[in-house]
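*Asks:* So here's run-v9.pdb (PDB, C-alpha atoms, pLDDT in the B column).
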ATOM      1  CA  MET M  21      18.528  -6.542  -5.861  1.00 50.00           C
ATOM      2  CA  ALA M  22      21.570  -8.427  -4.603  1.00 60.00           C
ATOM      3  CA  ASP M  23      20.322  -9.587  -1.186  1.00 86.00           C
ATOM      4  CA  ILE M  24      18.442 -12.837  -1.794  1.00 87.00           C
ATOM      5  CA  HIS M  25      17.217 -13.037   1.809  1.00 91.00           C
ATOM      6  CA  ILE M  26      15.526  -9.633   1.431  1.00 94.00           C
ATOM      7  CA  GLU M  27      13.864 -10.702  -1.844  1.00 95.00           C
ATOM      8  CA  GLU M  28      12.596 -13.811  -0.050  1.00 96.00           C
ATOM      9  CA  PHE M  29      11.339 -11.639   2.816  1.00 97.00           C
ATOM     10  CA  TYR M  30       9.293  -9.489   0.423  1.00 97.00           C
ATOM     11  CA  LYS M  31       7.869 -12.549  -1.330  1.00 97.00           C
ATOM     12  CA  ASP M  32       6.990 -14.271   1.958  1.00 98.00           C
ATOM     13  CA  THR M  33       5.405 -11.065   3.236  1.00 98.00           C
ATOM     14  CA  ALA M  34       3.233 -10.730   0.129  1.00 98.00           C
ATOM     15  CA  ILE M  35       2.129 -14.379   0.267  1.00 98.00           C
ATOM     16  CA  ILE M  36       1.292 -14.174   3.976  1.00 98.00           C
ATOM     17  CA  LEU M  37      -0.751 -10.993   3.562  1.00 98.00           C
ATOM     18  CA  VAL M  38      -2.627 -12.364   0.546  1.00 98.00           C
ATOM     19  CA  GLN M  39      -3.392 -15.663   2.307  1.00 98.00           C
ATOM     20  CA  LEU M  40      -4.706 -13.887   5.386  1.00 98.00           C
ATOM     21  CA  TYR M  41      -6.691 -11.390   3.313  1.00 98.00           C
ATOM     22  CA  ASN M  42      -8.292 -14.270   1.395  1.00 97.00           C
ATOM     23  CA  ALA M  43      -9.402 -15.837   4.689  1.00 97.00           C
ATOM     24  CA  PHE M  44     -10.349 -12.607   6.497  1.00 97.00           C
ATOM     25  CA  PRO M  45     -11.926 -12.395   9.077  1.00 95.00           C
ATOM     26  CA  ARG M  46     -11.457 -16.090   9.813  1.00 97.00           C
ATOM     27  CA  LYS M  47      -8.408 -17.147  11.779  1.00 98.00           C
ATOM     28  CA  VAL M  48      -6.282 -19.668   9.912  1.00 98.00           C
ATOM     29  CA  THR M  49      -3.094 -21.621  10.420  1.00 98.00           C
ATOM     30  CA  LEU M  50      -0.217 -20.267   8.326  1.00 97.00           C
ATOM     31  CA  TYR M  51       2.135 -23.118   7.442  1.00 97.00           C
ATOM     32  CA  VAL M  52       5.706 -22.233   6.527  1.00 97.00           C
ATOM     33  CA  GLU M  53       5.807 -25.003   3.909  1.00 96.00           C
ATOM     34  CA  ASP M  54       2.807 -23.457   2.110  1.00 96.00           C
ATOM     35  CA  ILE M  55       4.768 -20.229   1.768  1.00 97.00           C
ATOM     36  CA  ALA M  56       8.440 -21.206   1.434  1.00 95.00           C
ATOM     37  CA  GLY M  57       8.098 -24.715   0.032  1.00 93.00           C
ATOM     38  CA  PRO M  58       8.909 -28.115   1.493  1.00 93.00           C
ATOM     39  CA  ASP M  59      11.655 -28.457   4.062  1.00 91.00           C
ATOM     40  CA  SER M  60      13.635 -31.395   5.371  1.00 87.00           C
ATOM     41  CA  PRO M  61      15.204 -30.842   8.791  1.00 84.00           C
ATOM     42  CA  ASP M  62      18.815 -31.945   9.067  1.00 86.00           C
ATOM     43  CA  GLU M  63      20.095 -34.827  11.187  1.00 85.00           C
ATOM     44  CA  PHE M  64      19.808 -32.619  14.288  1.00 87.00           C
ATOM     45  CA  GLY M  65      16.202 -31.655  13.558  1.00 81.00           C
ATOM     46  CA  LEU M  66      17.077 -28.110  12.497  1.00 89.00           C
ATOM     47  CA  HIS M  67      15.137 -26.535   9.663  1.00 93.00           C
ATOM     48  CA  SER M  68      16.821 -24.978   6.638  1.00 93.00           C
ATOM     49  CA  ARG M  69      17.788 -21.313   6.582  1.00 93.00           C
ATOM     50  CA  ARG M  70      14.953 -20.666   4.119  1.00 95.00           C
ATOM     51  CA  HIS M  71      12.364 -22.266   6.405  1.00 96.00           C
ATOM     52  CA  ARG M  72      13.597 -20.330   9.447  1.00 96.00           C
ATOM     53  CA  ALA M  73      13.586 -17.072   7.475  1.00 96.00           C
ATOM     54  CA  CYS M  74       9.960 -17.558   6.434  1.00 97.00           C
ATOM     55  CA  PHE M  75       8.932 -18.392   9.995  1.00 97.00           C
ATOM     56  CA  SER M  76      10.789 -15.292  11.200  1.00 97.00           C
ATOM     57  CA  THR M  77       8.885 -13.199   8.637  1.00 98.00           C
ATOM     58  CA  MET M  78       5.624 -14.329  10.254  1.00 98.00           C
ATOM     59  CA  LEU M  79       6.915 -13.372  13.686  1.00 98.00           C
ATOM     60  CA  TRP M  80       8.173 -10.012  12.409  1.00 98.00           C
ATOM     61  CA  LEU M  81       4.829  -9.181  10.771  1.00 98.00           C
ATOM     62  CA  ALA M  82       3.142  -9.903  14.105  1.00 98.00           C
ATOM     63  CA  ALA M  83       5.667  -7.856  16.094  1.00 98.00           C
ATOM     64  CA  GLU M  84       5.130  -4.909  13.727  1.00 97.00           C
ATOM     65  CA  GLY M  85       1.338  -5.087  14.094  1.00 97.00           C
ATOM     66  CA  HIS M  86       0.384  -6.426  10.656  1.00 98.00           C
ATOM     67  CA  ILE M  87      -0.886  -9.821  11.791  1.00 98.00           C
ATOM     68  CA  ARG M  88      -1.939 -11.543  15.008  1.00 98.00           C
ATOM     69  CA  TYR M  89      -1.719 -15.206  15.939  1.00 98.00           C
ATOM     70  CA  ASP M  90      -2.589 -17.194  19.042  1.00 98.00           C
ATOM     71  CA  ASP M  91       0.391 -19.545  19.133  1.00 98.00           C
ATOM     72  CA  THR M  92       3.098 -21.145  17.044  1.00 97.00           C
ATOM     73  CA  ILE M  93       3.253 -24.803  16.111  1.00 96.00           C
ATOM     74  CA  LEU M  94       6.923 -25.491  16.745  1.00 93.00           C
ATOM     75  CA  GLN M  95       8.683 -23.572  13.949  1.00 93.00           C
ATOM     76  CA  ASN M  96       6.245 -24.909  11.374  1.00 95.00           C
ATOM     77  CA  ALA M  97       3.271 -22.560  11.569  1.00 97.00           C
ATOM     78  CA  ALA M  98       1.502 -19.630  13.151  1.00 98.00           C
ATOM     79  CA  ASP M  99      -1.805 -20.898  14.534  1.00 98.00           C
ATOM     80  CA  GLN M 100      -5.033 -18.883  14.448  1.00 98.00           C
ATOM     81  CA  ALA M 101      -3.474 -16.061  12.415  1.00 98.00           C
ATOM     82  CA  VAL M 102      -5.476 -13.086  11.164  1.00 98.00           C
ATOM     83  CA  LEU M 103      -4.790  -9.627   9.750  1.00 98.00           C
ATOM     84  CA  THR M 104      -4.901  -6.721  12.167  1.00 98.00           C
ATOM     85  CA  GLN M 105      -7.357  -3.921  11.492  1.00 98.00           C
ATOM     86  CA  ALA M 106      -4.504  -1.674  10.354  1.00 97.00           C
ATOM     87  CA  ALA M 107      -3.291  -4.260   7.818  1.00 97.00           C
ATOM     88  CA  PHE M 108      -6.823  -4.902   6.555  1.00 97.00           C
ATOM     89  CA  VAL M 109      -7.409  -1.180   6.031  1.00 95.00           C
ATOM     90  CA  CYS M 110      -4.014  -0.813   4.347  1.00 94.00           C
ATOM     91  CA  LEU M 111      -4.732  -3.656   1.926  1.00 95.00           C
ATOM     92  CA  ASN M 112      -8.104  -2.144   1.017  1.00 92.00           C
ATOM     93  CA  THR M 113      -6.640   1.308   0.393  1.00 88.00           C
ATOM     94  CA  PRO M 114      -6.424   2.438  -3.240  1.00 84.00           C
ATOM     95  CA  ALA M 115      -2.970   1.713  -4.638  1.00 76.00           C
ATOM     96  CA  ARG M 116      -2.962   4.607  -7.044  1.00 61.00           C
ATOM     97  CA  ASP M 117      -2.019   7.242  -4.493  1.00 56.00           C
ATOM     98  CA  GLY M 118       1.452   8.217  -5.708  1.00 61.00           C
ATOM     99  CA  ARG M 119       3.437   5.689  -3.667  1.00 64.00           C
ATOM    100  CA  LEU M 120       4.576   3.803  -6.767  1.00 65.00           C
ATOM    101  CA  SER M 121       6.556   5.177  -9.638  1.00 68.00           C
ATOM    102  CA  PRO M 122       4.700   5.661 -12.940  1.00 69.00           C
ATOM    103  CA  GLU M 123       6.752   2.817 -14.490  1.00 67.00           C
ATOM    104  CA  LEU M 124       5.547   0.404 -11.816  1.00 66.00           C
ATOM    105  CA  MET M 125       1.968   1.630 -12.029  1.00 65.00           C
ATOM    106  CA  ASN M 126       1.999   0.803 -15.744  1.00 65.00           C
ATOM    107  CA  ARG M 127       2.789  -2.837 -14.911  1.00 63.00           C
ATOM    108  CA  ILE M 128      -0.397  -3.247 -12.901  1.00 63.00           C
ATOM    109  CA  PRO M 129      -3.339  -4.596 -14.870  1.00 61.00           C
ATOM    110  CA  SER M 130      -6.198  -2.153 -14.658  1.00 61.00           C
ATOM    111  CA  SER M 131      -9.879  -2.837 -14.959  1.00 56.00           C
ATOM    112  CA  PRO M 132     -11.645  -2.144 -18.235  1.00 56.00           C
ATOM    113  CA  GLU M 133     -13.310   1.258 -18.253  1.00 63.00           C
ATOM    114  CA  ASP M 134     -16.659  -0.367 -18.980  1.00 57.00           C
ATOM    115  CA  ALA M 135     -16.332  -2.661 -15.939  1.00 52.00           C
ATOM    116  CA  PRO M 136     -18.818  -2.144 -13.114  1.00 52.00           C
ATOM    117  CA  PRO M 137     -17.715   0.347 -10.450  1.00 56.00           C
ATOM    118  CA  PHE M 138     -17.189  -2.348  -7.797  1.00 53.00           C
ATOM    119  CA  ILE M 139     -14.762  -4.182 -10.126  1.00 53.00           C
ATOM    120  CA  GLN M 140     -12.876  -0.964 -10.869  1.00 54.00           C
ATOM    121  CA  SER M 141     -12.725  -0.185  -7.153  1.00 55.00           C
ATOM    122  CA  ASP M 142     -11.483  -3.682  -6.279  1.00 60.00           C
ATOM    123  CA  MET M 143      -8.763  -3.583  -8.931  1.00 63.00           C
ATOM    124  CA  SER M 144      -7.378  -0.331  -7.541  1.00 74.00           C
ATOM    125  CA  THR M 145      -6.534  -1.639  -4.052  1.00 87.00           C
ATOM    126  CA  ASN M 146      -3.206  -2.564  -2.474  1.00 90.00           C
ATOM    127  CA  ILE M 147      -4.303  -6.205  -2.198  1.00 93.00           C
ATOM    128  CA  HIS M 148      -4.839  -6.288  -5.965  1.00 90.00           C
ATOM    129  CA  LEU M 149      -1.414  -4.732  -6.381  1.00 89.00           C
ATOM    130  CA  LEU M 150       0.186  -7.457  -4.213  1.00 93.00           C
ATOM    131  CA  ARG M 151      -1.650 -10.211  -6.089  1.00 93.00           C
ATOM    132  CA  SER M 152      -0.545  -8.752  -9.420  1.00 89.00           C
ATOM    133  CA  ALA M 153       3.069  -8.524  -8.274  1.00 91.00           C
ATOM    134  CA  LEU M 154       3.049 -12.140  -7.062  1.00 95.00           C
ATOM    135  CA  LYS M 155       1.539 -13.263 -10.344  1.00 93.00           C
ATOM    136  CA  ASP M 156       4.102 -11.242 -12.325  1.00 89.00           C
ATOM    137  CA  GLY M 157       6.950 -13.166 -10.691  1.00 88.00           C
ATOM    138  CA  ASN M 158       9.516 -10.366 -10.981  1.00 89.00           C
ATOM    139  CA  SER M 159      11.292 -10.065  -7.615  1.00 91.00           C
ATOM    140  CA  SER M 160      12.257  -6.403  -8.107  1.00 89.00           C
ATOM    141  CA  PHE M 161       8.669  -5.465  -8.926  1.00 89.00           C
ATOM    142  CA  LEU M 162       7.400  -7.449  -5.933  1.00 93.00           C
ATOM    143  CA  ALA M 163       9.920  -5.754  -3.632  1.00 93.00           C
ATOM    144  CA  GLU M 164       8.834  -2.296  -4.787  1.00 91.00           C
ATOM    145  CA  VAL M 165       5.172  -3.180  -4.312  1.00 91.00           C
ATOM    146  CA  VAL M 166       5.667  -4.581  -0.778  1.00 94.00           C
ATOM    147  CA  LYS M 167       7.706  -1.502   0.179  1.00 92.00           C
ATOM    148  CA  ALA M 168       5.011   0.799  -1.219  1.00 89.00           C
ATOM    149  CA  VAL M 169       2.206  -1.044   0.552  1.00 90.00           C
ATOM    150  CA  LEU M 170       3.814  -1.555   3.967  1.00 90.00           C
ATOM    151  CA  PHE M 171       6.420   1.153   4.321  1.00 86.00           C
TER     152      PHE M 171
END
Would you put the structure from the file into structure tokens?
*Replies:*
Amino acid sequence: MADIHIEEFYKDTAIILVQLYNAFPRKVTLYVEDIAGPDSPDEFGLHSRRHRACFSTMLWLAAEGHIRYDDTILQNAADQAVLTQAAFVCLNTPARDGRLSPELMNRIPSSPEDAPPFIQSDMSTNIHLLRSALKDGNSSFLAEVVKAVLF
């Protein structure tokens, strides 16, 4: 994928959704620096392009109905953020429903067949797929997973 800003968007999206899922149903503050890394505003107080892009990803996810937040803290965070019901249901949906190519499905660690049913069920969800893609570190794989989960 040639567009770095789109790769960053997919990565930020995955991190935001995983963070909010891990806190669900509690409302939490999503800090841009926790997602995109540290930022040093320039001499005019403007944040870097990377920082602004991550913050814009938060706003976009809210505008599209994936997350909710009560307010922003300057351009540094989304305060009292939580997944919407639609996003929560989407993340708990089984990932093995034909939305990913067989090659990508083979990259996802599966649960051992002798694992308890609740472990097998948990390891088949979209949230597990996102976590696996983040852990894998391959930006193309992560992009395909985010597209399959959200779009």
*Asks:* Counting all atoms listed in the file, which of M:Ala168, M:Leu66, M:Leu111, M:Ile26 gets nearest to Phe44 in chain M?
*Replies:* M:Leu111
*Asks:* So which residues touch range 60-63 of chain M within 12 Å, counting only C-alpha atoms, skipping near sequence neighbours fewer than 5 positions away, as a compact mmCIF listing (two decimals) with C-alpha atoms, keeping the file's coordinate frame?
*Replies:*
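Saved the output as result.txt:
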# COMPACT_ATOMS: atom_id res chain seq x y z
CA GLU M 53 5.81 -25.00 3.91
CA SER M 68 16.82 -24.98 6.64
CA ARG M 69 17.79 -21.31 6.58
CA ARG M 70 14.95 -20.67 4.12
CA HIS M 71 12.36 -22.27 6.40
CA ARG M 72 13.60 -20.33 9.45
CA GLN M 95 8.68 -23.57 13.95
CA ASN M 96 6.24 -24.91 11.37
*Asks:* Excluding Ala97 in chain M and residues on its chain fewer than 3 positions from it, collect all residues at most 7 Å away from it, counting only C-alpha atoms, and give them as number ranges by chain.
*Replies:* M: 49-52, 92-94
*Asks:* In Å, how far is it from CA of Asp99 in chain M to CA of Gln39 in chain M?
*Replies:*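 If I compute the distance from CA of Asp99 in chain M to CA of Gln39 in chain M, I get 13.4 Å.
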*Asks:* Write out as a PyMOL selection string the residues lying within 8 Å of Tyr89 in chain M, counting only C-alpha atoms and excluding same-chain residues fewer than 6 positions away.
*Replies:* chain M and resi 82+98-102
*Asks:* What's the separation between CA of Arg151 in chain M and CA of Val38 in chain M, in Å to one decimal place?
*Replies:* 7.0 Å
*Asks:* Selection in question (the file shown): the PyMOL selection byres ((chain M and resi 146) around 8). Which residues does it include, as a list in words?
*Replies:* Cys110, Leu111, Asn112, Thr113, Pro114, Ala115, Ser144, Thr145, Ile147, His148, Leu149, Leu150 and Val169 of chain M
*Asks:* Could you pull out every residue with an atom within 9 Å of (-3.4, -7.0, 7.0), file coordinates, counting only C-alpha atoms, and send them as a PDB file with C-alpha atoms, in the frame of the given file?
*Replies:*
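So the final result, stored in point.pdb, reads:
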ATOM      1  CA  LEU M  37      -0.751 -10.993   3.562  1.00 98.00           C
ATOM      2  CA  VAL M  38      -2.627 -12.364   0.546  1.00 98.00           C
ATOM      3  CA  LEU M  40      -4.706 -13.887   5.386  1.00 98.00           C
ATOM      4  CA  TYR M  41      -6.691 -11.390   3.313  1.00 98.00           C
ATOM      5  CA  PHE M  44     -10.349 -12.607   6.497  1.00 97.00           C
ATOM      6  CA  GLY M  85       1.338  -5.087  14.094  1.00 97.00           C
ATOM      7  CA  HIS M  86       0.384  -6.426  10.656  1.00 98.00           C
ATOM      8  CA  ILE M  87      -0.886  -9.821  11.791  1.00 98.00           C
ATOM      9  CA  VAL M 102      -5.476 -13.086  11.164  1.00 98.00           C
ATOM     10  CA  LEU M 103      -4.790  -9.627   9.750  1.00 98.00           C
ATOM     11  CA  THR M 104      -4.901  -6.721  12.167  1.00 98.00           C
ATOM     12  CA  GLN M 105      -7.357  -3.921  11.492  1.00 98.00           C
ATOM     13  CA  ALA M 106      -4.504  -1.674  10.354  1.00 97.00           C
ATOM     14  CA  ALA M 107      -3.291  -4.260   7.818  1.00 97.00           C
ATOM     15  CA  PHE M 108      -6.823  -4.902   6.555  1.00 97.00           C
ATOM     16  CA  VAL M 109      -7.409  -1.180   6.031  1.00 95.00           C
ATOM     17  CA  CYS M 110      -4.014  -0.813   4.347  1.00 94.00           C
ATOM     18  CA  LEU M 111      -4.732  -3.656   1.926  1.00 95.00           C
TER      19      LEU M 111
END
*Asks:* Pick out the residues sitting within 10 Å of Glu28 in chain M, and hand them over as a PDB file with C-alpha atoms, keeping the file's coordinate frame; count all atoms listed in the file, and ignore anything fewer than 5 positions along from it in its own chain.
*Replies:*
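Just written: around12.pdb:
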ATOM      1  CA  ASP M  23      20.322  -9.587  -1.186  1.00 86.00           C
ATOM      2  CA  THR M  33       5.405 -11.065   3.236  1.00 98.00           C
ATOM      3  CA  ALA M  34       3.233 -10.730   0.129  1.00 98.00           C
ATOM      4  CA  ALA M  56       8.440 -21.206   1.434  1.00 95.00           C
ATOM      5  CA  ARG M  70      14.953 -20.666   4.119  1.00 95.00           C
ATOM      6  CA  ALA M  73      13.586 -17.072   7.475  1.00 96.00           C
ATOM      7  CA  CYS M  74       9.960 -17.558   6.434  1.00 97.00           C
ATOM      8  CA  THR M  77       8.885 -13.199   8.637  1.00 98.00           C
ATOM      9  CA  SER M 159      11.292 -10.065  -7.615  1.00 91.00           C
ATOM     10  CA  ALA M 163       9.920  -5.754  -3.632  1.00 93.00           C
TER      11      ALA M 163
END
*Asks:* May I ask for the distance between CA of Ile36 in chain M and CA of Ile55 in chain M, given in Å to one decimal place?
*Replies:* 7.3 Å
*Asks:* Using all atoms listed in the file, can you tell me which of M:His25, M:Asp54, M:Tyr30, M:Asp91 comes closest to Asn158 in chain M?
*Replies:*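 Ranking M:His25, M:Asp54, M:Tyr30, M:Asp91 by distance to Asn158 in chain M, first place goes to M:Tyr30.
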*Asks:* Please produce range 23-34 of chain M, completed to all heavy atoms, as a CSV table (one decimal), keeping the file's coordinate frame.
*Replies:*
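The file below, part.csv, is the result:
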chain,number,residue,atom,x,y,z
M,23,ASP,N,20.5,-8.8,-2.4
M,23,ASP,CA,20.3,-9.6,-1.2
M,23,ASP,C,19.1,-10.5,-1.3
M,23,ASP,O,18.0,-10.2,-1.2
M,23,ASP,CB,20.1,-8.6,0.0
M,23,ASP,CG,21.3,-7.7,0.3
M,23,ASP,OD1,22.4,-8.3,0.2
M,23,ASP,OD2,21.1,-6.6,0.5
M,24,ILE,N,19.5,-11.8,-1.6
M,24,ILE,CA,18.4,-12.8,-1.8
M,24,ILE,C,17.5,-13.0,-0.6
M,24,ILE,O,16.3,-13.1,-0.7
M,24,ILE,CB,19.1,-14.2,-2.1
M,24,ILE,CG1,19.9,-14.1,-3.4
M,24,ILE,CG2,18.1,-15.3,-2.1
M,24,ILE,CD1,19.0,-13.9,-4.6
M,25,HIS,N,18.1,-12.9,0.6
M,25,HIS,CA,17.2,-13.0,1.8
M,25,HIS,C,16.2,-11.9,1.9
M,25,HIS,O,15.1,-12.1,2.4
M,25,HIS,CB,18.1,-13.1,3.1
M,25,HIS,CG,18.8,-11.9,3.5
M,25,HIS,ND1,19.9,-11.4,2.8
M,25,HIS,CD2,18.6,-11.0,4.4
M,25,HIS,CE1,20.3,-10.3,3.3
M,25,HIS,NE2,19.5,-10.0,4.3
M,26,ILE,N,16.5,-10.7,1.4
M,26,ILE,CA,15.5,-9.6,1.4
M,26,ILE,C,14.5,-9.9,0.4
M,26,ILE,O,13.3,-9.6,0.6
M,26,ILE,CB,16.2,-8.3,1.2
M,26,ILE,CG1,17.3,-8.0,2.3
M,26,ILE,CG2,15.2,-7.1,1.2
M,26,ILE,CD1,16.7,-8.0,3.8
M,27,GLU,N,14.9,-10.4,-0.8
M,27,GLU,CA,13.9,-10.7,-1.8
M,27,GLU,C,12.9,-11.8,-1.3
M,27,GLU,O,11.7,-11.7,-1.6
M,27,GLU,CB,14.6,-11.2,-3.1
M,27,GLU,CG,15.3,-10.1,-3.9
M,27,GLU,CD,15.9,-10.6,-5.1
M,27,GLU,OE1,15.7,-11.8,-5.5
M,27,GLU,OE2,16.7,-9.8,-5.7
M,28,GLU,N,13.4,-12.8,-0.6
M,28,GLU,CA,12.6,-13.8,0.0
M,28,GLU,C,11.7,-13.2,1.0
M,28,GLU,O,10.5,-13.6,1.1
M,28,GLU,CB,13.5,-14.9,0.6
M,28,GLU,CG,14.2,-15.7,-0.5
M,28,GLU,CD,15.2,-16.7,0.1
M,28,GLU,OE1,15.6,-16.5,1.3
M,28,GLU,OE2,15.7,-17.6,-0.6
M,29,PHE,N,12.2,-12.3,1.8
M,29,PHE,CA,11.3,-11.6,2.8
M,29,PHE,C,10.1,-10.9,2.2
M,29,PHE,O,9.0,-11.1,2.6
M,29,PHE,CB,12.2,-10.6,3.6
M,29,PHE,CG,11.3,-9.7,4.4
M,29,PHE,CD1,10.8,-10.1,5.6
M,29,PHE,CD2,11.1,-8.4,4.0
M,29,PHE,CE1,10.0,-9.2,6.4
M,29,PHE,CE2,10.3,-7.5,4.8
M,29,PHE,CZ,9.8,-7.9,6.0
M,30,TYR,N,10.4,-10.2,1.1
M,30,TYR,CA,9.3,-9.5,0.4
M,30,TYR,C,8.3,-10.5,-0.2
M,30,TYR,O,7.1,-10.3,-0.1
M,30,TYR,CB,9.8,-8.6,-0.7
M,30,TYR,CG,10.5,-7.3,-0.1
M,30,TYR,CD1,11.8,-7.0,-0.6
M,30,TYR,CD2,10.0,-6.6,0.9
M,30,TYR,CE1,12.4,-5.8,-0.2
M,30,TYR,CE2,10.6,-5.4,1.4
M,30,TYR,CZ,11.8,-5.1,0.8
M,30,TYR,OH,12.5,-4.0,1.3
M,31,LYS,N,8.8,-11.6,-0.8
M,31,LYS,CA,7.9,-12.5,-1.3
M,31,LYS,C,7.0,-13.2,-0.2
M,31,LYS,O,5.8,-13.4,-0.4
M,31,LYS,CB,8.6,-13.6,-2.1
M,31,LYS,CG,7.7,-14.6,-2.8
M,31,LYS,CD,8.5,-15.6,-3.7
M,31,LYS,CE,7.5,-16.5,-4.3
M,31,LYS,NZ,8.3,-17.5,-5.1
M,32,ASP,N,7.7,-13.6,0.8
M,32,ASP,CA,7.0,-14.3,2.0
M,32,ASP,C,6.0,-13.3,2.5
M,32,ASP,O,4.8,-13.7,2.8
M,32,ASP,CB,8.0,-14.7,3.1
M,32,ASP,CG,8.9,-15.8,2.6
M,32,ASP,OD1,8.6,-16.5,1.6
M,32,ASP,OD2,9.9,-16.1,3.3
M,33,THR,N,6.3,-12.1,2.7
M,33,THR,CA,5.4,-11.1,3.2
M,33,THR,C,4.2,-11.0,2.4
M,33,THR,O,3.0,-11.0,2.8
M,33,THR,CB,6.1,-9.7,3.4
M,33,THR,OG1,7.2,-9.8,4.3
M,33,THR,CG2,5.1,-8.6,3.8
M,34,ALA,N,4.4,-10.9,1.1
M,34,ALA,CA,3.2,-10.7,0.1
M,34,ALA,C,2.3,-12.0,0.2
M,34,ALA,O,1.1,-11.8,0.3
M,34,ALA,CB,3.7,-10.5,-1.3
